>>> print(open('run_39.csv').read())   # CSV, C-alpha atoms
chain,number,residue,atom,x,y,z
A,273,MET,CA,-116.8,137.6,238.5
A,274,HIS,CA,-113.9,139.9,237.5
A,275,ALA,CA,-113.8,142.2,234.5
A,276,GLU,CA,-111.5,141.1,231.6
A,277,TRP,CA,-109.4,144.3,231.9
A,278,GLU,CA,-108.4,143.5,235.5
A,279,PRO,CA,-104.9,141.9,236.0
A,280,HIS,CA,-104.5,138.4,234.6
A,281,ALA,CA,-102.3,135.6,235.9
A,282,ALA,CA,-102.7,133.8,232.6
A,283,THR,CA,-104.6,133.2,229.4
A,284,TRP,CA,-105.9,129.8,228.6
A,285,LEU,CA,-106.3,128.5,225.0
A,286,VAL,CA,-106.5,125.3,223.0
A,287,TRP,CA,-104.0,124.7,220.2
A,288,PRO,CA,-105.9,124.2,216.9
A,289,HIS,CA,-106.3,120.5,216.0
A,290,ASN,CA,-109.8,119.9,214.8
A,291,ARG,CA,-109.5,120.4,211.0
A,292,SER,CA,-113.3,120.1,210.6
A,293,ASP,CA,-113.6,123.5,212.4
A,294,TRP,CA,-111.8,125.1,209.4
A,295,PRO,CA,-112.7,122.8,206.5
A,296,GLY,CA,-110.4,123.3,203.6
A,297,LYS,CA,-108.6,126.2,205.3
A,298,PHE,CA,-106.8,124.7,208.3
A,299,ALA,CA,-103.2,125.4,207.1
A,300,PRO,CA,-103.0,129.1,208.1
A,301,ILE,CA,-104.7,128.6,211.5
A,302,PRO,CA,-101.7,127.5,213.6
A,303,TRP,CA,-99.8,130.5,212.4
A,304,VAL,CA,-102.7,132.8,213.4
A,305,TYR,CA,-102.6,131.2,216.9
A,306,ALA,CA,-98.8,131.6,217.0
A,307,GLU,CA,-99.1,135.3,216.4
A,308,ILE,CA,-101.7,135.6,219.2
A,309,VAL,CA,-99.5,133.6,221.6
A,310,ARG,CA,-96.5,135.7,220.6
A,311,HIS,CA,-98.2,138.8,221.9
A,312,LEU,CA,-99.8,137.2,225.0
A,313,ALA,CA,-96.6,135.5,226.2
A,314,ARG,CA,-94.9,138.9,226.5
A,315,VAL,CA,-97.4,140.2,229.1
A,316,GLU,CA,-98.7,137.1,230.9
A,317,ARG,CA,-98.4,133.3,231.2
A,318,VAL,CA,-100.1,131.3,228.5
A,319,GLU,CA,-101.6,127.9,229.2
A,320,ILE,CA,-102.1,125.8,226.1
A,321,LEU,CA,-104.1,122.6,225.9
A,322,VAL,CA,-103.0,120.0,223.4
A,323,PRO,CA,-104.3,116.4,222.9
A,324,ASP,CA,-100.9,114.6,223.1
A,325,LYS,CA,-97.1,114.8,222.8
A,326,LYS,CA,-97.2,114.8,219.0
A,327,ALA,CA,-99.5,117.8,219.0
A,328,GLU,CA,-97.3,119.5,221.6
A,329,ASP,CA,-94.2,119.0,219.6
A,330,ALA,CA,-95.9,120.4,216.5
A,331,ALA,CA,-97.1,123.4,218.4
A,332,ARG,CA,-93.7,124.1,219.8
A,333,ASP,CA,-92.2,123.9,216.4
A,334,VAL,CA,-94.7,126.5,215.0
A,335,LEU,CA,-94.2,128.8,218.0
A,336,HIS,CA,-90.4,128.6,217.6
A,337,ARG,CA,-90.5,129.3,213.9
A,338,ALA,CA,-92.8,132.2,214.4
A,339,GLY,CA,-90.5,133.7,217.0
A,340,ALA,CA,-93.3,133.3,219.6
A,341,TRP,CA,-91.7,130.9,222.1
A,342,ARG,CA,-91.1,132.2,225.7
A,343,ASP,CA,-90.7,130.4,229.0
A,344,THR,CA,-94.1,131.9,230.0
A,345,ILE,CA,-95.8,129.2,227.8
A,346,ARG,CA,-97.0,126.0,229.4
A,347,PHE,CA,-98.6,123.0,227.8
A,348,HIS,CA,-101.2,120.6,229.2
A,349,ARG,CA,-101.9,117.3,227.4
A,350,TRP,CA,-105.6,117.1,227.7
A,351,PRO,CA,-107.7,116.2,224.6
A,352,THR,CA,-110.6,118.5,223.6
A,353,ASN,CA,-113.2,118.3,220.9
A,354,ARG,CA,-112.7,121.9,219.6
A,355,GLY,CA,-110.6,125.0,220.4
A,356,TRP,CA,-113.2,127.5,221.6
A,357,ILE,CA,-112.1,127.5,225.2
A,358,ARG,CA,-114.1,130.6,226.1
A,359,ASP,CA,-117.2,128.5,226.1
A,360,PHE,CA,-116.2,125.4,228.1
A,361,CYS,CA,-113.5,126.8,230.4
A,362,PRO,CA,-114.5,127.4,234.1
A,363,LEU,CA,-115.5,131.0,234.9
A,364,PHE,CA,-113.1,132.3,237.4
A,365,VAL,CA,-114.4,134.3,240.4
A,366,LEU,CA,-112.7,136.2,243.2
A,367,CYS,CA,-114.1,135.3,246.6
A,368,HIS,CA,-113.5,137.8,249.5
A,369,GLY,CA,-113.2,136.2,252.9
A,370,SER,CA,-113.4,137.7,256.4
A,371,ARG,CA,-109.9,139.2,256.0
A,372,SER,CA,-110.9,140.9,252.7
A,373,ARG,CA,-108.3,139.0,250.8
A,374,ALA,CA,-109.5,137.7,247.4
A,375,ARG,CA,-109.2,134.0,246.7
A,376,LEU,CA,-109.5,132.6,243.2
A,377,ALA,CA,-112.3,130.0,242.7
A,378,ALA,CA,-114.1,128.5,239.7
A,379,VAL,CA,-117.7,128.2,238.6
A,380,ASN,CA,-117.9,125.2,236.3
A,381,PHE,CA,-121.1,125.2,234.3
A,382,ARG,CA,-122.0,122.3,232.1
A,383,PHE,CA,-121.1,122.5,228.4
A,384,ASN,CA,-123.0,120.8,225.6
A,385,ALA,CA,-121.5,122.3,222.4
A,386,TRP,CA,-124.1,125.1,222.1
A,387,ALA,CA,-126.9,122.6,222.1
A,388,LYS,CA,-126.0,121.8,218.5
A,389,TYR,CA,-123.2,119.2,218.2
A,390,ARG,CA,-122.9,115.8,219.6
A,391,ASN,CA,-119.2,115.8,220.4
A,392,TRP,CA,-118.6,117.9,223.5
A,393,GLN,CA,-117.6,115.4,226.2
A,394,LEU,CA,-113.8,116.0,225.9
A,395,ASP,CA,-114.3,119.8,226.2
A,396,HIS,CA,-116.5,119.4,229.3
A,397,ARG,CA,-113.9,117.0,230.8
A,398,ALA,CA,-111.1,119.5,230.1
A,399,SER,CA,-112.9,122.2,232.2
A,400,GLU,CA,-112.7,119.8,235.2
A,401,GLN,CA,-109.0,119.2,234.5
A,402,ILE,CA,-108.3,122.9,234.6
A,403,VAL,CA,-110.0,123.1,238.0
A,404,ARG,CA,-107.9,120.2,239.3
A,405,CYS,CA,-104.7,121.6,237.8
A,406,LEU,CA,-105.2,124.9,239.6
A,407,LYS,CA,-106.4,123.2,242.8
A,408,LEU,CA,-109.3,125.6,243.0
A,409,PRO,CA,-112.5,125.4,245.1
A,410,ALA,CA,-115.3,125.0,242.5
A,411,TRP,CA,-119.0,125.3,242.2
A,412,ARG,CA,-121.1,123.4,239.7
A,413,PRO,CA,-124.4,125.3,239.4
A,414,THR,CA,-127.6,123.4,239.4
A,415,ALA,CA,-131.3,124.3,239.4
A,416,VAL,CA,-134.5,122.5,240.1
A,417,VAL,CA,-136.6,122.4,237.0
A,418,ALA,CA,-140.3,121.4,237.0
A,419,ARG,CA,-140.9,119.3,233.9
A,420,SER,CA,-144.6,119.1,234.8
A,421,PRO,CA,-146.8,120.2,237.7
A,422,SER,CA,-146.2,116.9,239.4
A,423,SER,CA,-142.5,116.4,238.7
A,424,ALA,CA,-139.3,118.4,239.4
A,425,LYS,CA,-135.7,117.5,238.7
A,426,GLU,CA,-132.3,119.0,239.7
A,427,GLN,CA,-130.1,119.5,236.7
A,428,ARG,CA,-126.7,121.0,235.9
A,429,ILE,CA,-126.9,124.5,234.4
A,430,ILE,CA,-125.5,124.9,230.9
A,431,LEU,CA,-123.7,128.2,230.1
A,432,GLU,CA,-120.9,129.3,227.8
A,433,GLY,CA,-118.4,132.0,228.6
A,434,GLY,CA,-119.1,133.8,225.3
A,435,SER,CA,-122.7,134.2,226.1
A,436,ILE,CA,-122.1,136.7,228.9
A,437,ASP,CA,-119.9,139.7,229.6
A,438,VAL,CA,-119.3,141.4,233.0
A,439,ASN,CA,-118.0,144.7,234.3
A,440,GLY,CA,-116.5,143.3,237.5
A,441,ARG,CA,-118.8,145.4,239.6
A,442,GLY,CA,-122.0,143.3,239.4
A,443,LEU,CA,-123.4,144.1,235.9
A,444,LEU,CA,-123.8,141.3,233.3
A,445,LEU,CA,-124.6,141.6,229.5
A,446,THR,CA,-126.3,138.8,227.6
A,447,THR,CA,-128.9,138.2,224.9
A,448,GLU,CA,-132.4,136.7,225.0
A,449,GLU,CA,-131.6,134.9,221.7
A,450,CYS,CA,-128.9,132.8,223.3
A,451,LEU,CA,-130.3,132.2,226.8
A,452,LEU,CA,-134.1,132.3,226.4
A,453,SER,CA,-134.8,131.2,222.9
A,454,PRO,CA,-136.2,127.7,222.2
A,455,VAL,CA,-133.7,127.4,219.3
A,456,GLN,CA,-130.5,125.7,220.5
A,457,GLN,CA,-132.1,125.7,224.0
A,458,ARG,CA,-129.5,125.2,226.7
A,459,ASN,CA,-131.7,125.0,229.8
A,460,PRO,CA,-135.3,124.0,229.0
A,461,GLY,CA,-137.6,125.0,231.8
A,462,LEU,CA,-135.4,127.8,233.2
A,463,THR,CA,-136.9,131.3,233.1
A,464,ARG,CA,-135.3,134.7,232.9
A,465,GLN,CA,-135.7,135.1,236.6
A,466,ASP,CA,-134.1,131.6,237.3
A,467,LEU,CA,-131.1,132.6,235.3
A,468,GLU,CA,-130.8,136.0,237.0
A,469,ARG,CA,-130.8,134.1,240.3
A,470,VAL,CA,-128.0,131.8,239.1
A,471,PHE,CA,-125.9,134.8,238.0
A,472,ALA,CA,-126.5,136.4,241.4
A,473,ASP,CA,-125.7,133.3,243.5
A,474,TYR,CA,-122.7,132.1,241.6
A,475,LEU,CA,-121.1,135.2,239.8
A,476,GLY,CA,-122.1,138.0,242.2
A,477,ILE,CA,-124.3,139.7,239.6
A,478,GLU,CA,-126.6,142.5,240.8
A,479,LYS,CA,-128.2,143.4,237.5
A,480,VAL,CA,-128.5,141.7,234.1
A,481,LEU,CA,-128.7,143.8,230.9
A,482,TRP,CA,-130.7,141.7,228.4
A,483,LEU,CA,-130.1,142.6,224.8
A,484,GLU,CA,-132.2,141.0,222.0
A,485,ARG,CA,-130.0,139.2,219.5
A,486,GLY,CA,-126.5,138.5,218.4
A,487,ILE,CA,-125.1,138.9,214.9
A,488,ALA,CA,-125.7,137.1,211.6
A,489,GLY,CA,-123.7,134.0,210.9
A,490,ASP,CA,-123.2,133.2,214.7
A,491,ASP,CA,-123.2,129.4,215.1
A,492,THR,CA,-123.9,129.8,218.9
A,493,HIS,CA,-127.3,131.5,218.3
A,494,GLY,CA,-126.7,134.9,219.9
A,495,HIS,CA,-123.4,135.1,221.9
A,496,ILE,CA,-122.9,138.6,223.4
A,497,ASP,CA,-119.2,138.8,222.6
A,498,ASP,CA,-119.9,139.6,218.9
A,499,ALA,CA,-122.5,142.2,219.7
A,500,ALA,CA,-121.6,144.3,222.8
A,501,ARG,CA,-118.8,144.4,225.4
A,502,PHE,CA,-118.0,146.2,228.6
A,503,VAL,CA,-114.7,148.2,228.3
A,504,SER,CA,-115.0,149.9,231.7
A,505,PRO,CA,-117.4,149.6,234.7
A,506,ASP,CA,-119.8,152.1,233.1
A,507,THR,CA,-118.9,152.0,229.4
A,508,ILE,CA,-120.2,149.5,226.7
A,509,VAL,CA,-119.2,149.2,223.1
A,510,ALA,CA,-122.0,147.9,220.9
A,511,ALA,CA,-121.8,146.8,217.3
A,512,ALA,CA,-123.8,149.0,214.8
A,513,GLU,CA,-124.6,148.3,211.2
A,514,PRO,CA,-125.9,151.4,209.3
A,515,ASN,CA,-126.7,149.5,206.1
A,516,ARG,CA,-130.5,148.8,206.2
A,517,ASN,CA,-130.1,146.0,203.7
A,518,ASP,CA,-127.7,144.1,205.9
A,519,PRO,CA,-129.3,141.4,208.2
A,520,ASN,CA,-127.4,142.9,211.1
A,521,HIS,CA,-129.0,146.3,210.8
A,522,ALA,CA,-132.3,145.6,212.6
A,523,PRO,CA,-131.1,143.5,215.5
A,524,LEU,CA,-128.1,145.7,216.3
A,525,ALA,CA,-130.3,148.8,216.1
A,526,ALA,CA,-132.7,147.1,218.6
A,527,ASN,CA,-129.8,146.3,220.9
A,528,LEU,CA,-128.6,150.0,220.8
A,529,ALA,CA,-132.1,151.2,221.6
A,530,ARG,CA,-132.3,149.0,224.6
A,531,LEU,CA,-128.9,150.1,225.8
A,532,ARG,CA,-129.8,153.7,225.5
A,533,SER,CA,-132.7,153.1,227.9
A,534,MET,CA,-130.8,151.0,230.4
A,535,THR,CA,-129.0,152.1,233.6
A,536,GLY,CA,-126.3,150.4,235.7
A,537,GLN,CA,-126.1,150.1,239.4
A,538,ARG,CA,-127.9,152.7,241.5
A,539,GLY,CA,-129.6,154.0,238.4
A,540,ARG,CA,-126.5,155.5,236.8
A,541,ARG,CA,-126.5,156.1,233.1
A,542,LEU,CA,-124.2,153.9,231.0
A,543,ASN,CA,-121.8,155.3,228.5
A,544,LEU,CA,-122.5,153.8,225.1
A,545,VAL,CA,-120.0,153.8,222.2
A,546,GLU,CA,-121.0,152.5,218.7
A,547,LEU,CA,-118.5,150.1,217.1
A,548,PRO,CA,-118.7,149.6,213.4
A,549,MET,CA,-119.1,146.2,211.7
A,550,PRO,CA,-116.8,145.1,208.9
A,551,ALA,CA,-118.4,144.4,205.5
A,552,PRO,CA,-119.9,140.9,205.3
A,553,VAL,CA,-117.2,138.2,205.4
A,554,VAL,CA,-118.4,135.3,203.2
A,555,PHE,CA,-116.6,132.0,202.5
A,556,ARG,CA,-118.1,129.2,200.4
A,557,GLY,CA,-121.3,131.1,200.3
A,558,GLN,CA,-121.6,131.2,204.1
A,559,ARG,CA,-121.9,134.5,206.1
A,560,LEU,CA,-119.4,134.4,208.9
A,561,PRO,CA,-119.6,136.0,212.3
A,562,ALA,CA,-117.1,138.7,211.7
A,563,SER,CA,-117.2,141.4,214.4
A,564,TYR,CA,-114.7,143.9,215.9
A,565,ALA,CA,-116.4,143.3,219.2
A,566,ASN,CA,-114.6,139.9,219.5
A,567,PHE,CA,-111.5,141.5,220.9
A,568,TYR,CA,-109.5,140.2,223.9
A,569,ILE,CA,-108.2,142.3,226.7
A,570,ALA,CA,-104.9,141.1,228.2
A,571,ASN,CA,-102.4,142.7,230.5
A,572,LYS,CA,-101.1,145.9,228.8
A,573,ILE,CA,-102.6,144.9,225.4
A,574,VAL,CA,-105.8,144.4,223.5
A,575,LEU,CA,-105.9,141.9,220.6
A,576,ALA,CA,-108.4,143.1,218.0
A,577,PRO,CA,-109.7,141.2,215.0
A,578,VAL,CA,-109.3,142.8,211.6
A,579,PHE,CA,-110.5,141.7,208.2
A,580,ASN,CA,-108.8,143.8,205.5
A,581,ASP,CA,-111.7,146.1,205.6
A,582,PRO,CA,-111.9,150.0,205.5
A,583,ASN,CA,-113.6,149.9,209.0
A,584,ASP,CA,-110.5,148.2,210.5
A,585,ARG,CA,-108.9,151.6,211.0
A,586,VAL,CA,-112.1,153.0,212.5
A,587,ALA,CA,-112.4,150.1,215.0
A,588,LEU,CA,-108.8,150.2,216.0
A,589,ASN,CA,-108.9,154.0,216.6
A,590,LEU,CA,-112.0,153.6,218.8
A,591,LEU,CA,-110.3,150.8,220.8
A,592,THR,CA,-107.2,153.0,221.2
A,593,GLN,CA,-109.4,155.8,222.7
A,594,LEU,CA,-111.2,153.3,225.0
A,595,PHE,CA,-108.0,151.6,226.3
A,596,PRO,CA,-105.5,154.5,226.6
A,597,GLY,CA,-103.1,152.4,228.8
A,598,ARG,CA,-103.0,149.4,226.5
A,599,GLN,CA,-101.4,148.7,223.1
A,600,ILE,CA,-104.0,147.8,220.5
A,601,ILE,CA,-102.7,144.9,218.4
A,602,PRO,CA,-104.6,144.0,215.1
A,603,ILE,CA,-104.8,140.3,214.4
A,604,TYR,CA,-105.8,139.3,210.8
A,605,SER,CA,-108.9,137.1,211.3
A,606,ARG,CA,-110.6,136.4,208.0
A,607,ASP,CA,-109.2,132.9,208.1
A,608,LEU,CA,-109.8,132.4,211.8
A,609,VAL,CA,-113.5,133.4,211.6
A,610,TRP,CA,-114.1,130.5,209.1
A,611,GLY,CA,-114.1,128.4,212.3
A,612,LEU,CA,-117.1,130.5,213.4
A,613,GLY,CA,-115.2,132.2,216.2
A,614,ALA,CA,-112.4,134.7,216.7
A,615,ILE,CA,-110.0,136.0,219.3
A,616,HIS,CA,-112.3,136.3,222.3
A,617,CYS,CA,-113.8,132.9,221.6
A,618,MET,CA,-110.4,131.1,221.6
A,619,THR,CA,-109.1,132.7,224.9
A,620,MET,CA,-110.1,132.7,228.6
A,621,GLN,CA,-108.5,134.9,231.2
A,622,GLN,CA,-107.4,133.7,234.6
A,623,PRO,CA,-107.3,136.6,237.1
A,624,GLU,CA,-104.6,137.2,239.6
>>> encode(input="run_39.csv", output="structure tokens")
Amino acid sequence: MHAEWEPHAATWLVWPHNRSDWPGKFAPIPWVYAEIVRHLARVERVEILVPDKKAEDAARDVLHRAGAWRDTIRFHRWPTNRGWIRDFCPLFVLCHGSRSRARLAAVNFRFNAWAKYRNWQLDHRASEQIVRCLKLPAWRPTAVVARSPSSAKEQRIILEGGSIDVNGRGLLLTTEECLLSPVQQRNPGLTRQDLERVFADYLGIEKVLWLERGIAGDDTHGHIDDAARFVSPDTIVAAAEPNRNDPNHAPLAANLARLRSMTGQRGRRLNLVELPMPAPVVFRGQRLPASYANFYIANKIVLAPVFNDPNDRVALNLLTQLFPGRQIIPIYSRDLVWGLGAIHCMTMQQPE
């Protein structure tokens, strides 16, 4: 599996349509998406899923009025339940044949709406439509799970793209909270070793770096892309919260402690950069999963969430240092994160 900073052919996203994802605050969301598409379409192709022609016409109108329309934008009329394509899109991998020429393929895990919601079938179907559209060879990972000493059953493995992050060289970051906890349990019966074998067999992973937990307010129960991210083959940015009274302080400190003791391939030390957290973002009394780690790396640019917070500038300066060859573009995300996701959650990269 390639790293996000490697060259993209396209970015996939779903045009916002499910008003229940942003209850009482849906009106600004299409304009946030239009701003994101405006920047992405300058540097790569943008593939947008919409449920039907009416939704496509409405999206085109918003994009034109926002000055975002380009001929690098393509629509696909495939209905979805929600817009968080990071979690149900196929994971793209590069397969090297006998002539050492990389070929794009897909690993299509099962999706079940974070083991929390009942309506996920359209999202899962859309992932298969993406595979067919691109005419890719695809794997659908399975594992044999023993329900009891006398019975075993083969089952599709459930995994969301936001639960893992990779460095493109065989390292993978994830959290125990998401993949091993009995809460919102995706794969009952699968052990840490089982999952590591799946990552090795299907994604080419040599080593898994297990952190403890994600951040407060995370509806997914521990996705890594709000807590820690690779920014180069040997550098990780990890969220840090110095306020001891904040619920994020202890779990993020535990993650940092683990990372300081970890090594990458061949025992090499990892470079660790601490990324601040914004002050708590609360709407209708609910703590939201606001994190600067939910940035998206595209060709020539990085789209970074900001929250009208003093730490916005600190986070943007850090990302500027970490990505010297890319323009860092702030995207106002206080409205977007009411949907319990941000920029990384709503995008998926397709490598060249």
>>> closest_residue(input="run_39.csv", among="A:Ile508, A:Ile487, A:Ala374, A:Ile496", to="Leu524 (chain A)", atoms="all atoms listed in the file")
A:Ile487
>>> closest_atom_pairs(input="run_39.csv", of="region 341-447 of chain A", to="region 558-582 of chain A", cutoff="12 Å", atoms="all atoms listed in the file", output="JSON lines")
{"residue": "A:Arg358", "atom": "CA", "partner": "A:Tyr568", "partner_atom": "CA", "distance": 10.9}
{"residue": "A:Gly434", "atom": "CA", "partner": "A:Asn566", "partner_atom": "CA", "distance": 9.5}
{"residue": "A:Ser435", "atom": "CA", "partner": "A:Asn566", "partner_atom": "CA", "distance": 11.9}
{"residue": "A:Asp437", "atom": "CA", "partner": "A:Asn566", "partner_atom": "CA", "distance": 11.4}
>>> write_last_selection(input="run_39.csv", atoms="C-alpha atoms", output="PDB file, keeping the file's coordinate frame")
ATOM      1  CA  ARG A 358    -114.100 130.600 226.100  1.00  0.00           C
ATOM      2  CA  GLY A 434    -119.100 133.800 225.300  1.00  0.00           C
ATOM      3  CA  SER A 435    -122.700 134.200 226.100  1.00  0.00           C
ATOM      4  CA  ASP A 437    -119.900 139.700 229.600  1.00  0.00           C
TER       5      ASP A 437
END
>>> residues_near_point(input="run_39.csv", point="(-113.6, 147.6, 211.7)", cutoff="6 Å", atoms="all atoms listed in the file", output="mmCIF file with C-alpha atoms, in the coordinates of the input")
data_model
loop_
_atom_site.group_PDB
_atom_site.id
_atom_site.type_symbol
_atom_site.label_atom_id
_atom_site.label_comp_id
_atom_site.auth_asym_id
_atom_site.auth_seq_id
_atom_site.Cartn_x
_atom_site.Cartn_y
_atom_site.Cartn_z
ATOM 1 C CA PRO A 548 -118.700 149.600 213.400
ATOM 2 C CA MET A 549 -119.100 146.200 211.700
ATOM 3 C CA PRO A 550 -116.800 145.100 208.900
ATOM 4 C CA TYR A 564 -114.700 143.900 215.900
ATOM 5 C CA ASN A 583 -113.600 149.900 209.000
ATOM 6 C CA ASP A 584 -110.500 148.200 210.500
ATOM 7 C CA VAL A 586 -112.100 153.000 212.500
ATOM 8 C CA ALA A 587 -112.400 150.100 215.000
#
>>> closest_residue(input="run_39.csv", among="A:Ala306, A:Asn520, A:Leu408, A:Lys479", to="Gly539 (chain A)", atoms="all atoms listed in the file")
A:Lys479
>>> closest_residue(input="run_39.csv", among="A:Gly476, A:Val304, A:Pro279, A:Thr463", to="Val609 (chain A)", atoms="all atoms listed in the file")
A:Val304
>>> closest_atom_pairs(input="run_39.csv", of="region 374-403 of chain A", to="region 442-460 of chain A", cutoff="12 Å", atoms="only C-alpha atoms", output="tab-separated table")
residue	atom	partner	partner_atom	distance
A:Phe381	CA	A:Arg458	CA	11.3
A:Arg382	CA	A:Arg458	CA	9.7
A:Phe383	CA	A:Arg458	CA	9.0
A:Asn384	CA	A:Arg458	CA	7.9
A:Ala385	CA	A:Arg458	CA	9.5
A:Trp386	CA	A:Gln456	CA	6.6
A:Ala387	CA	A:Gln456	CA	5.0
A:Lys388	CA	A:Gln456	CA	6.3
A:Tyr389	CA	A:Gln456	CA	10.0
>>> write_last_selection(input="run_39.csv", atoms="C-alpha atoms", output="PDB file, in the coordinates of the input")
ATOM      1  CA  PHE A 381    -121.100 125.200 234.300  1.00  0.00           C
ATOM      2  CA  ARG A 382    -122.000 122.300 232.100  1.00  0.00           C
ATOM      3  CA  PHE A 383    -121.100 122.500 228.400  1.00  0.00           C
ATOM      4  CA  ASN A 384    -123.000 120.800 225.600  1.00  0.00           C
ATOM      5  CA  ALA A 385    -121.500 122.300 222.400  1.00  0.00           C
ATOM      6  CA  TRP A 386    -124.100 125.100 222.100  1.00  0.00           C
ATOM      7  CA  ALA A 387    -126.900 122.600 222.100  1.00  0.00           C
ATOM      8  CA  LYS A 388    -126.000 121.800 218.500  1.00  0.00           C
ATOM      9  CA  TYR A 389    -123.200 119.200 218.200  1.00  0.00           C
TER      10      TYR A 389
END
>>> atom_distance(input="run_39.csv", atom1="CA of Ser504 (chain A)", atom2="CA of Arg540 (chain A)")
13.8 Å
>>> closest_residue(input="run_39.csv", among="A:Thr283, A:Asn391, A:Asn589, A:Thr492", to="Leu547 (chain A)", atoms="only C-alpha atoms")
A:Asn589
>>> closest_residue(input="run_39.csv", among="A:Ala275, A:Ala340, A:Leu608, A:Val365", to="Arg441 (chain A)", atoms="only C-alpha atoms")
A:Ala275
>>> closest_residue(input="run_39.csv", among="A:Val309, A:Cys367, A:Ile477, A:Ala410", to="Arg346 (chain A)", atoms="all atoms listed in the file")
A:Val309
>>> atom_distance(input="run_39.csv", atom1="CA of Val470 (chain A)", atom2="CA of Trp482 (chain A)")
14.8 Å
>>> residues_around(input="run_39.csv", residues="Leu285 (chain A)", least_positions_apart="5", cutoff="6 Å", atoms="all atoms listed in the file", output="list in words")
Ile320, Ile357, Met618 and Thr619 of chain A
>>> residues_around(input="run_39.csv", residues="Val416 (chain A)", least_positions_apart="4", cutoff="8 Å", atoms="only C-alpha atoms", output="PDB file with C-alpha atoms, in the frame of the given file")
ATOM      1  CA  ALA A 424    -139.300 118.400 239.400  1.00  0.00           C
ATOM      2  CA  LYS A 425    -135.700 117.500 238.700  1.00  0.00           C
ATOM      3  CA  GLU A 426    -132.300 119.000 239.700  1.00  0.00           C
ATOM      4  CA  GLN A 427    -130.100 119.500 236.700  1.00  0.00           C
TER       5      GLN A 427
END
>>> atom_distance(input="run_39.csv", atom1="CA of Leu475 (chain A)", atom2="CA of Asp490 (chain A)")
25.3 Å
>>> residues_near_point(input="run_39.csv", point="(-123.5, 148.4, 222.6)", cutoff="9 Å", atoms="all atoms listed in the file", output="ChimeraX atom specification")
/A:499-502,507-512,524,527-528,531-532,544-547
>>> decode(input="run_39.csv", residues="region 600-616 of chain A", atoms="C-alpha atoms", output="mmCIF file, in the first residue's frame")
data_model
loop_
_atom_site.group_PDB
_atom_site.id
_atom_site.type_symbol
_atom_site.label_atom_id
_atom_site.label_comp_id
_atom_site.auth_asym_id
_atom_site.auth_seq_id
_atom_site.Cartn_x
_atom_site.Cartn_y
_atom_site.Cartn_z
ATOM 1 C CA ILE A 600 -0.382 24.132 2.966
ATOM 2 C CA ILE A 601 -3.990 25.220 2.496
ATOM 3 C CA PRO A 602 -6.192 25.827 5.563
ATOM 4 C CA ILE A 603 -9.801 24.653 5.340
ATOM 5 C CA TYR A 604 -12.247 26.000 7.922
ATOM 6 C CA SER A 605 -13.709 22.861 9.524
ATOM 7 C CA ARG A 606 -15.794 23.773 12.579
ATOM 8 C CA ASP A 607 -18.967 23.157 10.560
ATOM 9 C CA LEU A 608 -17.564 20.102 8.763
ATOM 10 C CA VAL A 609 -16.554 18.311 11.977
ATOM 11 C CA TRP A 610 -20.161 18.409 13.240
ATOM 12 C CA GLY A 611 -20.504 15.422 10.877
ATOM 13 C CA LEU A 612 -17.935 13.669 13.124
ATOM 14 C CA GLY A 613 -15.287 13.689 10.417
ATOM 15 C CA ALA A 614 -13.056 16.128 8.574
ATOM 16 C CA ILE A 615 -10.908 16.422 5.438
ATOM 17 C CA HIS A 616 -9.059 13.110 5.601
#
